[in-house]
Amino acid sequence: MVYKYDDINPDDYIRSKSQAKREMTALQKLGEQLIELNDKQLATIPCEEKLLDAIHEARKMPHREARRRHLQFIGKVMRGTNHEEIQAAVDKVQARSDQYVHRQHQIERFRDLLIEGDKQIFQTIVTNCPGIDVQHLKQLVRSAQKEKDENLPPKSSRKLFSYIREQLELQD
């Protein structure tokens, strides 16, 4: 009997040993990402109870051989779960975290430019936040500038940061 190309089913192929190792390594790395999440973030991930128990157990272990073996165990447990769904949820959590960090850096830049006396940034903040108390913002900027000039602890600078963040969050 002669086989044609159309007769070959890709699902009939046996995966290689190397492919199996790559898949296990990927699951272990995903397990490591799960261990690094805090409890609030982990609660958003669709995990089975056995996997959650293994993750909590791994968090208690020092970063040595036992933890490495436990990560292998987590990878083994994850083979029986829907790891694509778990990966998507982890990616979503990390994207939110990246957005938060980006937003914090943006607010820091705004604060620093305001303290340096950048009128354009001041005007941008006032236009983007219609409900902002302009006099309060000016007062916070002046206080932060005075602190900087006198090398005092950045109390007003922190207040300015919080006020800018608060106003920007109201606009979102």
# chains A, B, ... in the order shown; residues from 1 in each chain; ligands from 1
>>> residues_around(residues="Arg165 in chain A", least_positions_apart="2", cutoff="10 Å", atoms="only C-alpha atoms", output="MDAnalysis selection string")
chainID A and resid 103:104 106:108 110:111 159:163 167:170
>>> write_last_selection(atoms="N, CA and C atoms", output="short mmCIF file (atom, residue, chain, number, x, y, z; two decimals), in the first residue's frame")
data_model
loop_
_atom_site.label_atom_id
_atom_site.label_comp_id
_atom_site.auth_asym_id
_atom_site.auth_seq_id
_atom_site.Cartn_x
_atom_site.Cartn_y
_atom_site.Cartn_z
N ARG A 103 2.23 53.98 34.81
CA ARG A 103 1.46 55.12 35.31
C ARG A 103 2.19 55.80 36.46
N GLN A 104 2.77 55.02 37.38
CA GLN A 104 3.52 55.60 38.50
C GLN A 104 4.71 56.41 37.98
N GLN A 106 4.99 57.85 35.08
CA GLN A 106 4.46 59.05 34.43
C GLN A 106 4.14 60.12 35.47
N ILE A 107 3.53 59.73 36.57
CA ILE A 107 3.18 60.68 37.63
C ILE A 107 4.46 61.26 38.26
N GLU A 108 5.48 60.41 38.44
CA GLU A 108 6.76 60.90 38.97
C GLU A 108 7.37 61.95 38.04
N PHE A 110 5.74 63.90 35.93
CA PHE A 110 4.93 65.10 36.06
C PHE A 110 5.34 65.89 37.31
N ARG A 111 5.44 65.18 38.43
CA ARG A 111 5.80 65.83 39.70
C ARG A 111 7.16 66.52 39.60
N LYS A 159 3.10 64.58 48.85
CA LYS A 159 1.72 65.06 48.79
C LYS A 159 1.36 65.45 47.36
N LEU A 160 2.29 66.11 46.67
CA LEU A 160 2.07 66.51 45.27
C LEU A 160 1.87 65.27 44.39
N PHE A 161 2.70 64.26 44.61
CA PHE A 161 2.58 63.01 43.86
C PHE A 161 1.20 62.40 44.07
N SER A 162 0.78 62.32 45.33
CA SER A 162 -0.52 61.73 45.66
C SER A 162 -1.66 62.52 45.04
N TYR A 163 -1.54 63.84 45.07
CA TYR A 163 -2.60 64.68 44.53
C TYR A 163 -2.71 64.51 43.01
N GLN A 167 -5.97 62.94 41.03
CA GLN A 167 -6.67 63.68 39.99
C GLN A 167 -6.70 62.92 38.67
N LEU A 168 -5.59 62.26 38.34
CA LEU A 168 -5.54 61.48 37.10
C LEU A 168 -6.45 60.26 37.19
N GLU A 169 -6.54 59.64 38.37
CA GLU A 169 -7.43 58.49 38.54
C GLU A 169 -8.90 58.90 38.41
N LEU A 170 -9.22 60.11 38.85
CA LEU A 170 -10.58 60.59 38.71
C LEU A 170 -10.97 60.74 37.23
#
>>> residues_around(residues="range 25-37 of chain A", least_positions_apart="3", cutoff="9 Å", atoms="only C-alpha atoms", output="PDB file with N, CA and C atoms, in the first residue's frame")
ATOM      1  N   ALA A  20       8.956  17.189  24.466  1.00  0.00           N
ATOM      2  CA  ALA A  20       8.370  16.943  25.785  1.00  0.00           C
ATOM      3  C   ALA A  20       9.123  17.735  26.861  1.00  0.00           C
ATOM      4  N   LYS A  21      10.454  17.796  26.759  1.00  0.00           N
ATOM      5  CA  LYS A  21      11.250  18.555  27.726  1.00  0.00           C
ATOM      6  C   LYS A  21      10.961  20.054  27.619  1.00  0.00           C
ATOM      7  N   ARG A  22      10.823  20.560  26.382  1.00  0.00           N
ATOM      8  CA  ARG A  22      10.518  21.973  26.198  1.00  0.00           C
ATOM      9  C   ARG A  22       9.162  22.318  26.822  1.00  0.00           C
ATOM     10  N   LYS A  40      -3.625  38.135  46.126  1.00  0.00           N
ATOM     11  CA  LYS A  40      -4.728  38.801  45.413  1.00  0.00           C
ATOM     12  C   LYS A  40      -4.661  38.477  43.919  1.00  0.00           C
ATOM     13  N   GLN A  41      -3.472  38.525  43.347  1.00  0.00           N
ATOM     14  CA  GLN A  41      -3.305  38.207  41.933  1.00  0.00           C
ATOM     15  C   GLN A  41      -3.567  36.723  41.680  1.00  0.00           C
ATOM     16  N   LEU A  42      -3.097  35.878  42.582  1.00  0.00           N
ATOM     17  CA  LEU A  42      -3.271  34.441  42.428  1.00  0.00           C
ATOM     18  C   LEU A  42      -4.745  34.054  42.476  1.00  0.00           C
ATOM     19  N   ILE A  45      -6.440  33.754  39.104  1.00  0.00           N
ATOM     20  CA  ILE A  45      -5.962  32.703  38.200  1.00  0.00           C
ATOM     21  C   ILE A  45      -6.835  31.457  38.393  1.00  0.00           C
ATOM     22  N   ILE A  55       1.589  25.515  45.027  1.00  0.00           N
ATOM     23  CA  ILE A  55       2.142  26.872  44.923  1.00  0.00           C
ATOM     24  C   ILE A  55       2.418  27.446  46.311  1.00  0.00           C
ATOM     25  N   HIS A  56       1.460  27.294  47.231  1.00  0.00           N
ATOM     26  CA  HIS A  56       1.653  27.801  48.590  1.00  0.00           C
ATOM     27  C   HIS A  56       2.808  27.086  49.279  1.00  0.00           C
ATOM     28  N   ALA A  58       5.456  25.819  47.754  1.00  0.00           N
ATOM     29  CA  ALA A  58       6.706  26.273  47.135  1.00  0.00           C
ATOM     30  C   ALA A  58       7.132  27.640  47.650  1.00  0.00           C
ATOM     31  N   ARG A  59       6.184  28.476  48.004  1.00  0.00           N
ATOM     32  CA  ARG A  59       6.515  29.808  48.520  1.00  0.00           C
ATOM     33  C   ARG A  59       7.288  29.728  49.830  1.00  0.00           C
ATOM     34  N   LEU A  71       9.195  22.702  41.832  1.00  0.00           N
ATOM     35  CA  LEU A  71       8.764  23.327  40.578  1.00  0.00           C
ATOM     36  C   LEU A  71       8.502  22.256  39.516  1.00  0.00           C
ATOM     37  N   GLN A  72       9.315  21.203  39.522  1.00  0.00           N
ATOM     38  CA  GLN A  72       9.059  20.086  38.599  1.00  0.00           C
ATOM     39  C   GLN A  72       7.714  19.446  38.924  1.00  0.00           C
ATOM     40  N   PHE A  73       7.427  19.310  40.212  1.00  0.00           N
ATOM     41  CA  PHE A  73       6.142  18.744  40.624  1.00  0.00           C
ATOM     42  C   PHE A  73       4.989  19.639  40.164  1.00  0.00           C
ATOM     43  N   ILE A  74       5.145  20.952  40.312  1.00  0.00           N
ATOM     44  CA  ILE A  74       4.106  21.890  39.861  1.00  0.00           C
ATOM     45  C   ILE A  74       3.891  21.743  38.356  1.00  0.00           C
ATOM     46  N   GLY A  75       4.991  21.589  37.605  1.00  0.00           N
ATOM     47  CA  GLY A  75       4.875  21.366  36.163  1.00  0.00           C
ATOM     48  C   GLY A  75       4.106  20.096  35.855  1.00  0.00           C
ATOM     49  N   LYS A  76       4.353  19.058  36.642  1.00  0.00           N
ATOM     50  CA  LYS A  76       3.652  17.786  36.456  1.00  0.00           C
ATOM     51  C   LYS A  76       2.164  17.942  36.752  1.00  0.00           C
ATOM     52  N   MET A  78       0.481  20.655  36.501  1.00  0.00           N
ATOM     53  CA  MET A  78      -0.102  21.527  35.481  1.00  0.00           C
ATOM     54  C   MET A  78      -0.362  20.803  34.166  1.00  0.00           C
ATOM     55  N   ARG A  79       0.284  19.676  33.938  1.00  0.00           N
ATOM     56  CA  ARG A  79       0.018  18.913  32.707  1.00  0.00           C
ATOM     57  C   ARG A  79      -1.440  18.493  32.628  1.00  0.00           C
ATOM     58  N   HIS A  83      -3.484  24.612  31.030  1.00  0.00           N
ATOM     59  CA  HIS A  83      -2.399  25.562  31.256  1.00  0.00           C
ATOM     60  C   HIS A  83      -2.427  26.746  30.287  1.00  0.00           C
ATOM     61  N   ILE A  86      -4.453  29.261  32.141  1.00  0.00           N
ATOM     62  CA  ILE A  86      -3.661  29.795  33.250  1.00  0.00           C
ATOM     63  C   ILE A  86      -2.638  30.792  32.715  1.00  0.00           C
ATOM     64  N   GLN A  87      -1.980  30.463  31.602  1.00  0.00           N
ATOM     65  CA  GLN A  87      -0.988  31.358  31.010  1.00  0.00           C
ATOM     66  C   GLN A  87      -1.633  32.675  30.586  1.00  0.00           C
ATOM     67  N   VAL A  90      -2.240  34.743  33.699  1.00  0.00           N
ATOM     68  CA  VAL A  90      -0.981  35.291  34.221  1.00  0.00           C
ATOM     69  C   VAL A  90      -0.531  36.463  33.352  1.00  0.00           C
ATOM     70  N   VAL A  93      -2.580  39.506  34.239  1.00  0.00           N
ATOM     71  CA  VAL A  93      -2.175  40.086  35.523  1.00  0.00           C
ATOM     72  C   VAL A  93      -0.885  40.885  35.357  1.00  0.00           C
TER      73      VAL A  93
END
>>> select_by_dssp(residues="range 42-165 of chain A", states="alpha helix (DSSP H)", output="ChimeraX atom specification")
/A:42-43,49-60,65-79,83-116,119-128,134-149,155-165
>>> residues_around(residues="Met61 in chain A", least_positions_apart="5", cutoff="9 Å", atoms="only C-alpha atoms", output="list in words")
Ala66, Arg67 and His70 of chain A
>>> closest_residue(among="A:Gln171, A:Gly131, A:Gln123, A:Asp112", to="Ala144 in chain A", atoms="only C-alpha atoms")
A:Asp112
>>> atom_distance(atom1="CA of Ala89 in chain A", atom2="CA of Asp172 in chain A")
23.3 Å
>>> atom_distance(atom1="CA of Ser157 in chain A", atom2="CA of Gln94 in chain A")
28.8 Å
>>> closest_residue(among="A:Ser156, A:Asn151, A:Ile164, A:Lys146", to="Asp133 in chain A", atoms="only C-alpha atoms")
A:Ile164
>>> decode(residues="range 82-120 of chain A", atoms="N, CA and C atoms", output="PDB file, in the first residue's frame")
ATOM      1  N   ASN A  82      -5.722  23.034  32.436  1.00  0.00           N
ATOM      2  CA  ASN A  82      -5.790  23.846  31.226  1.00  0.00           C
ATOM      3  C   ASN A  82      -4.738  24.942  31.353  1.00  0.00           C
ATOM      4  N   HIS A  83      -3.484  24.612  31.030  1.00  0.00           N
ATOM      5  CA  HIS A  83      -2.399  25.562  31.256  1.00  0.00           C
ATOM      6  C   HIS A  83      -2.427  26.746  30.287  1.00  0.00           C
ATOM      7  N   GLU A  84      -3.114  26.613  29.138  1.00  0.00           N
ATOM      8  CA  GLU A  84      -3.242  27.759  28.231  1.00  0.00           C
ATOM      9  C   GLU A  84      -4.088  28.855  28.895  1.00  0.00           C
ATOM     10  N   GLU A  85      -5.142  28.434  29.578  1.00  0.00           N
ATOM     11  CA  GLU A  85      -6.012  29.377  30.279  1.00  0.00           C
ATOM     12  C   GLU A  85      -5.262  30.039  31.436  1.00  0.00           C
ATOM     13  N   ILE A  86      -4.453  29.261  32.141  1.00  0.00           N
ATOM     14  CA  ILE A  86      -3.661  29.795  33.250  1.00  0.00           C
ATOM     15  C   ILE A  86      -2.638  30.792  32.715  1.00  0.00           C
ATOM     16  N   GLN A  87      -1.980  30.463  31.602  1.00  0.00           N
ATOM     17  CA  GLN A  87      -0.988  31.358  31.010  1.00  0.00           C
ATOM     18  C   GLN A  87      -1.633  32.675  30.586  1.00  0.00           C
ATOM     19  N   ALA A  88      -2.816  32.598  29.995  1.00  0.00           N
ATOM     20  CA  ALA A  88      -3.524  33.817  29.580  1.00  0.00           C
ATOM     21  C   ALA A  88      -3.857  34.691  30.786  1.00  0.00           C
ATOM     22  N   ALA A  89      -4.275  34.073  31.884  1.00  0.00           N
ATOM     23  CA  ALA A  89      -4.612  34.827  33.089  1.00  0.00           C
ATOM     24  C   ALA A  89      -3.362  35.473  33.699  1.00  0.00           C
ATOM     25  N   VAL A  90      -2.240  34.743  33.699  1.00  0.00           N
ATOM     26  CA  VAL A  90      -0.981  35.291  34.221  1.00  0.00           C
ATOM     27  C   VAL A  90      -0.531  36.463  33.352  1.00  0.00           C
ATOM     28  N   ASP A  91      -0.638  36.328  32.043  1.00  0.00           N
ATOM     29  CA  ASP A  91      -0.263  37.417  31.139  1.00  0.00           C
ATOM     30  C   ASP A  91      -1.110  38.655  31.388  1.00  0.00           C
ATOM     31  N   LYS A  92      -2.384  38.445  31.644  1.00  0.00           N
ATOM     32  CA  LYS A  92      -3.300  39.557  31.910  1.00  0.00           C
ATOM     33  C   LYS A  92      -2.914  40.274  33.207  1.00  0.00           C
ATOM     34  N   VAL A  93      -2.580  39.506  34.239  1.00  0.00           N
ATOM     35  CA  VAL A  93      -2.175  40.086  35.523  1.00  0.00           C
ATOM     36  C   VAL A  93      -0.885  40.885  35.357  1.00  0.00           C
ATOM     37  N   GLN A  94       0.067  40.334  34.619  1.00  0.00           N
ATOM     38  CA  GLN A  94       1.332  41.027  34.423  1.00  0.00           C
ATOM     39  C   GLN A  94       1.171  42.283  33.574  1.00  0.00           C
ATOM     40  N   ALA A  95       0.255  42.258  32.617  1.00  0.00           N
ATOM     41  CA  ALA A  95       0.002  43.447  31.802  1.00  0.00           C
ATOM     42  C   ALA A  95      -0.567  44.569  32.670  1.00  0.00           C
ATOM     43  N   ARG A  96      -1.490  44.213  33.576  1.00  0.00           N
ATOM     44  CA  ARG A  96      -2.039  45.217  34.495  1.00  0.00           C
ATOM     45  C   ARG A  96      -0.938  45.790  35.382  1.00  0.00           C
ATOM     46  N   SER A  97      -0.054  44.928  35.841  1.00  0.00           N
ATOM     47  CA  SER A  97       1.039  45.367  36.694  1.00  0.00           C
ATOM     48  C   SER A  97       1.972  46.303  35.924  1.00  0.00           C
ATOM     49  N   ASP A  98       2.254  45.979  34.672  1.00  0.00           N
ATOM     50  CA  ASP A  98       3.107  46.832  33.844  1.00  0.00           C
ATOM     51  C   ASP A  98       2.463  48.197  33.607  1.00  0.00           C
ATOM     52  N   GLN A  99       1.145  48.210  33.405  1.00  0.00           N
ATOM     53  CA  GLN A  99       0.435  49.475  33.219  1.00  0.00           C
ATOM     54  C   GLN A  99       0.512  50.330  34.483  1.00  0.00           C
ATOM     55  N   TYR A 100       0.388  49.687  35.636  1.00  0.00           N
ATOM     56  CA  TYR A 100       0.457  50.403  36.905  1.00  0.00           C
ATOM     57  C   TYR A 100       1.835  51.043  37.081  1.00  0.00           C
ATOM     58  N   VAL A 101       2.884  50.278  36.807  1.00  0.00           N
ATOM     59  CA  VAL A 101       4.251  50.797  36.944  1.00  0.00           C
ATOM     60  C   VAL A 101       4.467  51.960  35.976  1.00  0.00           C
ATOM     61  N   HIS A 102       3.983  51.809  34.750  1.00  0.00           N
ATOM     62  CA  HIS A 102       4.119  52.885  33.761  1.00  0.00           C
ATOM     63  C   HIS A 102       3.412  54.151  34.252  1.00  0.00           C
ATOM     64  N   ARG A 103       2.229  53.983  34.810  1.00  0.00           N
ATOM     65  CA  ARG A 103       1.456  55.121  35.312  1.00  0.00           C
ATOM     66  C   ARG A 103       2.191  55.805  36.461  1.00  0.00           C
ATOM     67  N   GLN A 104       2.773  55.023  37.376  1.00  0.00           N
ATOM     68  CA  GLN A 104       3.519  55.595  38.495  1.00  0.00           C
ATOM     69  C   GLN A 104       4.710  56.412  37.983  1.00  0.00           C
ATOM     70  N   HIS A 105       5.413  55.890  36.986  1.00  0.00           N
ATOM     71  CA  HIS A 105       6.566  56.598  36.426  1.00  0.00           C
ATOM     72  C   HIS A 105       6.128  57.899  35.752  1.00  0.00           C
ATOM     73  N   GLN A 106       4.987  57.854  35.082  1.00  0.00           N
ATOM     74  CA  GLN A 106       4.463  59.049  34.425  1.00  0.00           C
ATOM     75  C   GLN A 106       4.137  60.124  35.471  1.00  0.00           C
ATOM     76  N   ILE A 107       3.526  59.734  36.567  1.00  0.00           N
ATOM     77  CA  ILE A 107       3.184  60.684  37.633  1.00  0.00           C
ATOM     78  C   ILE A 107       4.457  61.260  38.255  1.00  0.00           C
ATOM     79  N   GLU A 108       5.484  60.414  38.439  1.00  0.00           N
ATOM     80  CA  GLU A 108       6.760  60.899  38.967  1.00  0.00           C
ATOM     81  C   GLU A 108       7.373  61.946  38.045  1.00  0.00           C
ATOM     82  N   ARG A 109       7.307  61.690  36.729  1.00  0.00           N
ATOM     83  CA  ARG A 109       7.847  62.663  35.766  1.00  0.00           C
ATOM     84  C   ARG A 109       7.084  63.982  35.857  1.00  0.00           C
ATOM     85  N   PHE A 110       5.745  63.899  35.928  1.00  0.00           N
ATOM     86  CA  PHE A 110       4.934  65.104  36.057  1.00  0.00           C
ATOM     87  C   PHE A 110       5.339  65.890  37.311  1.00  0.00           C
ATOM     88  N   ARG A 111       5.445  65.181  38.433  1.00  0.00           N
ATOM     89  CA  ARG A 111       5.796  65.833  39.698  1.00  0.00           C
ATOM     90  C   ARG A 111       7.163  66.516  39.602  1.00  0.00           C
ATOM     91  N   ASP A 112       8.155  65.790  39.068  1.00  0.00           N
ATOM     92  CA  ASP A 112       9.501  66.348  38.965  1.00  0.00           C
ATOM     93  C   ASP A 112       9.536  67.570  38.053  1.00  0.00           C
ATOM     94  N   LEU A 113       8.808  67.513  36.940  1.00  0.00           N
ATOM     95  CA  LEU A 113       8.769  68.657  36.029  1.00  0.00           C
ATOM     96  C   LEU A 113       8.046  69.845  36.660  1.00  0.00           C
ATOM     97  N   LEU A 114       7.008  69.573  37.428  1.00  0.00           N
ATOM     98  CA  LEU A 114       6.311  70.657  38.127  1.00  0.00           C
ATOM     99  C   LEU A 114       7.232  71.334  39.146  1.00  0.00           C
ATOM    100  N   ILE A 115       7.993  70.537  39.860  1.00  0.00           N
ATOM    101  CA  ILE A 115       8.911  71.090  40.862  1.00  0.00           C
ATOM    102  C   ILE A 115      10.002  71.920  40.184  1.00  0.00           C
ATOM    103  N   GLU A 116      10.416  71.498  38.993  1.00  0.00           N
ATOM    104  CA  GLU A 116      11.428  72.259  38.248  1.00  0.00           C
ATOM    105  C   GLU A 116      10.844  73.535  37.650  1.00  0.00           C
ATOM    106  N   GLY A 117       9.514  73.676  37.664  1.00  0.00           N
ATOM    107  CA  GLY A 117       8.879  74.898  37.198  1.00  0.00           C
ATOM    108  C   GLY A 117       8.390  74.842  35.759  1.00  0.00           C
ATOM    109  N   ASP A 118       8.139  73.673  35.235  1.00  0.00           N
ATOM    110  CA  ASP A 118       7.666  73.532  33.852  1.00  0.00           C
ATOM    111  C   ASP A 118       6.204  73.963  33.751  1.00  0.00           C
ATOM    112  N   LYS A 119       5.971  75.085  33.098  1.00  0.00           N
ATOM    113  CA  LYS A 119       4.613  75.641  32.974  1.00  0.00           C
ATOM    114  C   LYS A 119       3.751  74.815  32.025  1.00  0.00           C
ATOM    115  N   GLN A 120       4.375  74.210  31.031  1.00  0.00           N
ATOM    116  CA  GLN A 120       3.615  73.417  30.048  1.00  0.00           C
ATOM    117  C   GLN A 120       2.978  72.190  30.702  1.00  0.00           C
TER     118      GLN A 120
END
